[in-house]
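Heads up, model-v3.cif below (mmCIF, C-alpha atoms and all ligand atoms):
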data_my_file
loop_
_atom_site.label_atom_id
_atom_site.label_comp_id
_atom_site.auth_asym_id
_atom_site.auth_seq_id
_atom_site.Cartn_x
_atom_site.Cartn_y
_atom_site.Cartn_z
CA MET Q 123 90.89 101.57 123.18
CA LYS Q 124 94.22 103.26 123.94
CA ILE Q 125 94.85 106.06 121.45
CA GLY Q 126 97.88 108.27 120.86
CA VAL Q 127 97.23 111.77 119.54
CA LEU Q 128 100.34 113.53 118.25
CA GLY Q 129 99.80 117.27 118.44
CA THR Q 130 98.69 119.83 121.01
CA GLY Q 131 96.93 122.35 118.74
CA MET Q 132 93.19 122.82 118.33
CA VAL Q 133 92.91 119.69 116.18
CA GLY Q 134 94.67 117.37 118.64
CA GLN Q 135 92.64 118.87 121.48
CA THR Q 136 89.30 118.54 119.68
CA ILE Q 137 89.92 114.98 118.48
CA GLY Q 138 91.38 113.92 121.82
CA LYS Q 139 88.42 115.32 123.75
CA LYS Q 140 85.94 113.56 121.48
CA LEU Q 141 87.77 110.22 121.74
CA CYS Q 142 87.77 110.48 125.55
CA ALA Q 143 84.07 111.36 125.53
CA LEU Q 144 83.52 108.14 123.58
CA GLY Q 145 85.22 106.24 126.42
CA HIS Q 146 88.72 105.80 125.00
CA GLU Q 147 91.97 106.54 126.78
CA VAL Q 148 94.01 109.22 125.01
CA ARG Q 149 97.62 110.27 125.48
CA MET Q 150 98.50 113.55 123.77
CA GLY Q 151 102.07 113.91 122.50
CA SER Q 152 104.26 116.96 122.16
CA ARG Q 153 107.96 117.77 121.63
CA GLN Q 154 108.33 118.03 125.41
CA ALA Q 155 106.40 116.32 128.17
CA GLY Q 156 104.58 118.82 130.33
CA ASN Q 157 103.63 121.02 127.36
CA GLU Q 158 101.41 123.75 128.74
CA LYS Q 159 98.58 123.19 126.25
CA ALA Q 160 98.66 119.41 126.69
CA VAL Q 161 98.61 119.66 130.48
CA ALA Q 162 95.64 122.07 130.39
CA TRP Q 163 93.85 119.83 127.89
CA ALA Q 164 94.36 116.70 130.00
CA ARG Q 165 93.17 118.51 133.11
CA SER Q 166 90.02 119.76 131.39
CA VAL Q 167 89.16 116.40 129.82
CA GLY Q 168 89.55 114.22 132.91
CA ASP Q 169 90.97 110.87 133.92
CA LYS Q 170 90.91 109.26 130.47
CA ALA Q 171 93.35 111.89 129.21
CA SER Q 172 97.10 112.04 129.72
CA GLU Q 173 100.06 113.74 128.07
CA GLY Q 174 103.73 113.17 127.33
CA THR Q 175 106.25 113.28 124.51
CA PHE Q 176 105.48 112.23 120.94
CA ALA Q 177 107.30 108.98 121.82
CA ASP Q 178 105.12 108.46 124.92
CA ALA Q 179 101.92 108.99 122.93
CA ALA Q 180 103.03 106.70 120.10
CA ALA Q 181 104.04 103.92 122.50
CA PHE Q 182 100.72 104.26 124.37
CA GLY Q 183 98.41 104.17 121.36
CA GLU Q 184 97.05 101.06 119.66
CA LEU Q 185 95.77 103.60 117.13
CA LEU Q 186 97.60 106.86 116.32
CA TRP Q 187 96.41 110.25 115.04
CA ASN Q 188 98.78 112.71 113.41
CA CYS Q 189 97.60 116.20 114.38
CA THR Q 190 100.92 118.00 114.07
CA SER Q 191 101.69 120.94 111.81
CA GLY Q 192 102.68 119.82 108.31
CA HIS Q 193 106.34 120.58 108.95
CA GLY Q 194 106.18 118.78 112.30
CA ALA Q 195 104.75 115.48 111.06
CA ILE Q 196 107.91 113.64 110.08
CA PRO Q 197 110.06 114.93 112.97
CA ALA Q 198 107.29 113.97 115.43
CA LEU Q 199 107.06 110.44 114.06
CA GLN Q 200 110.86 110.12 113.93
CA SER Q 201 111.05 110.95 117.60
CA ALA Q 202 108.47 108.23 118.32
CA GLY Q 203 110.81 105.50 117.06
CA PRO Q 204 109.96 102.50 114.83
CA ASP Q 205 109.06 100.07 117.63
CA SER Q 206 106.14 102.25 118.70
CA LEU Q 207 104.87 102.63 115.14
CA ARG Q 208 105.18 99.11 113.75
CA GLY Q 209 101.92 97.77 112.29
CA LYS Q 210 99.81 100.62 113.69
CA VAL Q 211 97.22 102.62 111.82
CA LEU Q 212 98.05 106.35 111.63
CA VAL Q 213 95.11 108.60 110.87
CA ASP Q 214 96.80 111.55 109.20
CA VAL Q 215 94.77 114.77 109.32
CA SER Q 216 97.70 117.12 108.69
CA ASN Q 217 98.14 119.52 105.79
CA PRO Q 218 101.41 120.70 104.20
CA LEU Q 219 100.70 124.38 104.80
CA ASP Q 220 103.54 126.85 104.35
CA PHE Q 221 102.93 130.14 106.16
CA SER Q 222 106.46 131.45 105.58
CA LYS Q 223 105.37 134.04 102.99
CA GLY Q 224 102.37 135.22 105.03
CA PRO Q 225 98.69 134.59 104.35
CA PRO Q 226 97.21 132.86 102.52
CA PRO Q 227 99.43 129.81 103.03
CA SER Q 228 100.75 127.75 100.12
CA LEU Q 229 101.58 124.03 100.07
CA PHE Q 230 105.18 122.95 100.69
CA VAL Q 231 104.59 119.71 98.78
CA SER Q 232 102.07 119.28 95.96
CA ASN Q 233 101.28 118.15 92.41
CA THR Q 234 103.52 115.10 92.11
CA ASP Q 235 103.84 114.25 95.82
CA SER Q 236 102.02 114.87 99.10
CA LEU Q 237 102.63 114.94 102.83
CA GLY Q 238 100.62 111.74 103.21
CA GLU Q 239 102.96 109.99 100.78
CA GLN Q 240 106.04 111.46 102.44
CA ILE Q 241 104.87 110.07 105.79
CA GLN Q 242 104.06 106.64 104.34
CA ARG Q 243 107.46 106.49 102.53
CA ALA Q 244 109.39 107.57 105.63
CA PHE Q 245 107.58 105.08 107.90
CA ALA Q 246 106.89 101.88 105.99
CA GLU Q 247 105.97 100.22 109.31
CA LEU Q 248 102.91 102.52 109.64
CA ARG Q 249 99.58 102.01 107.88
CA VAL Q 250 98.76 105.61 106.94
CA VAL Q 251 95.18 106.63 106.24
CA LYS Q 252 94.72 110.23 105.10
CA THR Q 253 91.35 111.68 106.02
CA LEU Q 254 89.55 114.59 107.74
CA ASN Q 255 92.18 117.11 106.54
CA THR Q 256 89.55 118.72 104.28
CA VAL Q 257 87.32 120.05 107.10
CA ASN Q 258 87.60 122.18 110.22
CA CYS Q 259 88.31 120.21 113.39
CA ASP Q 260 84.85 120.80 114.88
CA VAL Q 261 83.31 119.28 111.76
CA MET Q 262 85.83 116.40 111.81
CA VAL Q 263 84.40 115.01 115.05
CA ASP Q 264 80.75 115.88 114.41
CA ALA Q 265 79.66 115.71 110.77
CA SER Q 266 76.11 116.67 111.79
CA ARG Q 267 77.28 120.27 112.44
CA VAL Q 268 76.94 120.91 108.71
CA ALA Q 269 73.85 120.22 106.56
CA GLY Q 270 72.65 117.42 108.85
CA GLY Q 271 75.73 115.40 107.95
CA GLU Q 272 74.86 115.23 104.23
CA HIS Q 273 78.36 115.88 102.88
CA THR Q 274 81.45 113.95 101.91
CA MET Q 275 84.60 112.77 103.65
CA PHE Q 276 87.51 111.25 101.73
CA VAL Q 277 89.83 108.45 102.81
CA CYS Q 278 92.93 107.22 101.04
CA GLY Q 279 95.80 104.89 101.88
CA ASN Q 280 97.62 101.78 100.76
CA ASP Q 281 96.24 99.36 103.38
CA ALA Q 282 92.65 98.23 102.75
CA ALA Q 283 92.09 96.92 106.28
CA ALA Q 284 93.37 100.16 107.79
CA LYS Q 285 91.02 102.18 105.57
CA ALA Q 286 88.10 99.93 106.56
CA GLN Q 287 88.89 100.45 110.26
CA VAL Q 288 89.14 104.22 109.85
CA THR Q 289 85.94 104.32 107.80
CA GLU Q 290 84.12 102.55 110.65
CA ILE Q 291 85.54 105.14 113.06
CA LEU Q 292 84.40 108.00 110.86
CA ARG Q 293 80.91 106.54 110.59
CA GLY Q 294 80.41 105.19 114.09
CA TRP Q 295 82.28 107.72 116.22
CA PHE Q 296 82.10 110.98 114.25
CA GLY Q 297 78.80 110.59 112.35
CA TRP Q 298 80.10 110.62 108.77
CA ARG Q 299 77.61 108.97 106.40
CA ASP Q 300 79.23 109.62 103.00
CA VAL Q 301 82.80 108.28 103.19
CA LEU Q 302 84.45 108.10 99.77
CA ASP Q 303 87.50 105.84 99.34
CA LEU Q 304 89.69 107.50 96.71
CA GLY Q 305 92.28 104.70 96.56
CA ASP Q 306 95.94 104.62 97.50
CA ILE Q 307 97.92 107.24 99.40
CA THR Q 308 98.83 109.15 96.22
CA ASN Q 309 95.27 110.49 96.40
CA ALA Q 310 96.44 112.68 99.27
CA ARG Q 311 97.77 114.96 96.48
CA GLY Q 312 94.15 115.78 95.71
CA THR Q 313 92.79 116.14 99.22
CA GLU Q 314 95.75 118.22 100.41
CA ALA Q 315 95.55 120.50 97.37
CA PHE Q 316 91.85 121.03 98.21
CA LEU Q 317 93.16 123.22 101.04
CA LEU Q 318 93.89 125.95 98.51
CA LEU Q 319 90.15 126.11 97.84
CA TRP Q 320 89.18 125.48 101.49
CA ILE Q 321 91.09 128.58 102.57
CA ARG Q 322 89.30 130.72 99.96
CA LEU Q 323 85.90 129.31 100.99
CA TRP Q 324 86.70 130.09 104.62
CA GLY Q 325 87.59 133.66 103.64
CA ALA Q 326 84.33 134.06 101.75
CA LEU Q 327 82.03 132.33 104.25
CA LYS Q 328 83.70 133.67 107.45
CA THR Q 329 83.11 130.32 109.20
CA GLY Q 330 84.73 126.90 109.25
CA ASP Q 331 81.35 125.17 109.47
CA PHE Q 332 81.11 124.07 105.84
CA ASN Q 333 82.07 121.18 103.61
CA ILE Q 334 81.57 119.91 100.10
CA ARG Q 335 79.26 117.12 99.03
CA VAL Q 336 80.10 114.97 96.03
CA VAL Q 337 76.85 114.49 94.11
CA ARG Q 338 76.66 111.51 91.77
N1 LIG Q 401 92.67 123.72 112.40
C1 LIG Q 401 91.86 122.89 111.76
O1 LIG Q 401 90.64 122.89 111.98
C2 LIG Q 401 92.44 121.92 110.77
C3 LIG Q 401 91.61 121.29 109.86
C4 LIG Q 401 92.14 120.31 109.00
C5 LIG Q 401 93.48 119.98 109.09
N2 LIG Q 401 94.29 120.65 109.97
C6 LIG Q 401 95.69 120.25 110.08
O2 LIG Q 401 95.84 119.63 111.35
C7 LIG Q 401 97.17 119.82 111.83
C8 LIG Q 401 97.13 120.39 113.25
O3 LIG Q 401 96.61 121.70 113.22
P1 LIG Q 401 96.55 122.58 114.57
O4 LIG Q 401 96.08 123.93 114.15
O5 LIG Q 401 95.80 121.84 115.62
O6 LIG Q 401 98.02 122.60 115.11
P2 LIG Q 401 99.41 123.21 114.54
O7 LIG Q 401 99.65 124.50 115.21
O8 LIG Q 401 99.39 123.20 113.04
O9 LIG Q 401 100.46 122.09 115.05
C9 LIG Q 401 100.72 121.97 116.39
C10 LIG Q 401 101.55 120.76 116.67
O10 LIG Q 401 102.64 120.63 115.75
C11 LIG Q 401 103.83 120.36 116.50
N3 LIG Q 401 104.99 120.87 115.79
C12 LIG Q 401 105.17 122.12 115.25
N4 LIG Q 401 106.41 122.21 114.72
C13 LIG Q 401 107.02 121.02 114.95
C14 LIG Q 401 108.32 120.51 114.66
N5 LIG Q 401 109.23 121.23 114.01
N6 LIG Q 401 108.59 119.23 115.02
C15 LIG Q 401 107.68 118.48 115.66
N7 LIG Q 401 106.44 118.92 115.98
C16 LIG Q 401 106.12 120.17 115.64
C17 LIG Q 401 103.61 121.09 117.80
O11 LIG Q 401 104.45 120.52 118.78
P3 LIG Q 401 104.47 121.05 120.31
O12 LIG Q 401 103.25 120.42 120.94
O13 LIG Q 401 105.74 120.53 120.84
O14 LIG Q 401 104.38 122.55 120.25
C18 LIG Q 401 102.14 120.84 118.07
O15 LIG Q 401 101.94 119.62 118.74
C19 LIG Q 401 97.85 120.74 110.81
O16 LIG Q 401 98.65 119.96 109.94
C20 LIG Q 401 96.69 121.40 110.09
O17 LIG Q 401 97.03 121.81 108.78
C21 LIG Q 401 93.81 121.62 110.78
#
Re-express the file's structure as structure tokens.
Ligand SMILES: NC(=O)c1ccc[n+]([C@@H]2O[C@H](COP(=O)([O-])OP(=O)(O)OC[C@H]3O[C@@H](n4cnc5c(N)ncnc54)[C@H](OP(=O)(O)O)[C@@H]3O)[C@@H](O)[C@H]2O)c1
Amino acid sequence: MKIGVLGTGMVGQTIGKKLCALGHEVRMGSRQAGNEKAVAWARSVGDKASEGTFADAAAFGELLWNCTSGHGAIPALQSAGPDSLRGKVLVDVSNPLDFSKGPPPSLFVSNTDSLGEQIQRAFAELRVVKTLNTVNCDVMVDASRVAGGEHTMFVCGNDAAAKAQVTEILRGWFGWRDVLDLGDITNARGTEAFLLLWIRLWGALKTGDFNIRVVR
């Protein structure tokens, strides 16, 4: 599969590397083609990896991953243009973190709205599925890193077929066994707000290798 990964940070790099290892072709997008981190990433990953602008990555991908900073998500997708987004599934792993007042970060949208909803409203042509934003990027791509994979990943979004496709990806590619469909994209309010607790857990545990399990 041809996959566009928007974002050159540790999340885009980790997801992109894993997707290439699974045999997919990945183009990483950035504000400017030739981004130093993207070039180094593509070189280290090999011939299935390439890089370019956000627009290049979006045009390339049959499936898209949003791995930009929270503030960068909408500008990145705007620069991609509607023709490259139409009908595509966007796996949104971003969080609306606001670092402007120093650590710990707060959320720049919350309670009655979410970044996932803002993205879906701004780009009606996309089929947004919010997931993976509640764990560290190493755990995202390998659920077995924590507790033998016995913990929970959430998905939400308005398009049932898109959620089913992403759930298969989570299970088959990344090893998630407990995938919990919360419902429509408004549920991103809950999973994004979980970051306020995630940050405190990270501070207490001194590692990102943890997650929560929903026991029924
Ligand atoms: N770190 C984790 O393990 C983790 C876990 C869960 C969720 N997340 C979420 O995943 C996302 C990516 O995290 P990260 O740490 O890998 O990277 P990041 O530093 O949060 O974001 C880097 C990307 O955002 C783009 N960006 C920044 N400002 C922008 C703007 N104004 N307009 C357009 N694009 C802009 C950058 O573009 P350039 O390439 O042009 O510089 C770069 O590609 C974040 O939303 C984060 O909250 C992270």
Show me which residues sit within 9 Å of ligand LIG 401 (chain Q) when counting only C-alpha atoms and all ligand atoms, and put them as number ranges by chain.
Q: 128-136, 150-155, 157-160, 175-176, 188-199, 201, 214-219, 254-262, 317, 330
Give the answer as one residue: which of Q:Leu186, Q:Ile241, Q:Val231, Q:Leu304 has the shortest atom-to-atom distance to Ala282 in chain Q, using only C-alpha atoms?
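Closest to Ala282 in chain Q of all the choices is Q:Leu304.
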Between Q:Lys252, Q:Gly209, Q:Trp295, Q:Phe276, single out the one closest to His146 in chain Q, counting only C-alpha atoms.
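So, comparing all the options, the nearest one is Q:Trp295.
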What is the distance, in Å and to one decimal place, between CA of Arg335 in chain Q and CA of Leu292 in chain Q?
15.8 Å
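Across Q:Ser232, Q:Ser166, Q:Gly297, Q:Gly305, the tightest approach to Gly270 in chain Q is made by Q:Gly297 when counting only C-alpha atoms.
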Coordinates-based distance that separates CA of Val288 in chain Q from CA of Leu144 in chain Q (Å, one decimal)
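Taking CA of Leu144 in chain Q and CA of Val288 in chain Q, their separation equals 15.3 Å.
Considering only C-alpha atoms, the residue among Q:Asp281, Q:Glu314, Q:Asp331, Q:Asp264 positioned nearest to Thr234 in chain Q is Q:Glu314.
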Computed interatomic separation between CA of Gly168 in chain Q and CA of Lys139 in chain Q (Å)
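Rounded to one decimal, the two atoms are 9.3 Å apart.
If you measure from each of Q:Leu185, Q:Ala177, Q:Leu319, Q:Met123 to Pro227 in chain Q using all atoms listed in the file, the closest one turns out to be Q:Leu319.
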Name the closest residue to Gly138 in chain Q among the candidates Q:Val263, Q:Gln240, Q:Ala283, Q:Asp300; distances are taken between atoms, counting all atoms listed in the file.
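Looking only at the distances to Gly138 in chain Q, the closest residue turns out to be Q:Val263.
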How would you write as a ChimeraX atom specification the residues that get within 6 Å of (100.6, 113.5, 129.1) in the file's frame, counting only C-alpha atoms?
/Q:149-150,172-174
Long-range neighbours of Glu147 in chain Q as a PyMOL selection string, 9 Å cut-off, all atoms listed in the file, 5 positions minimum in chain:
chain Q and resi 123-126+138+141-142+169-172+183
Polymer residues at most 10 Å from Val336 in chain Q, only C-alpha atoms, same-chain spacing of 6 or more positions, as a PyMOL selection string:
chain Q and resi 272-275+300+302
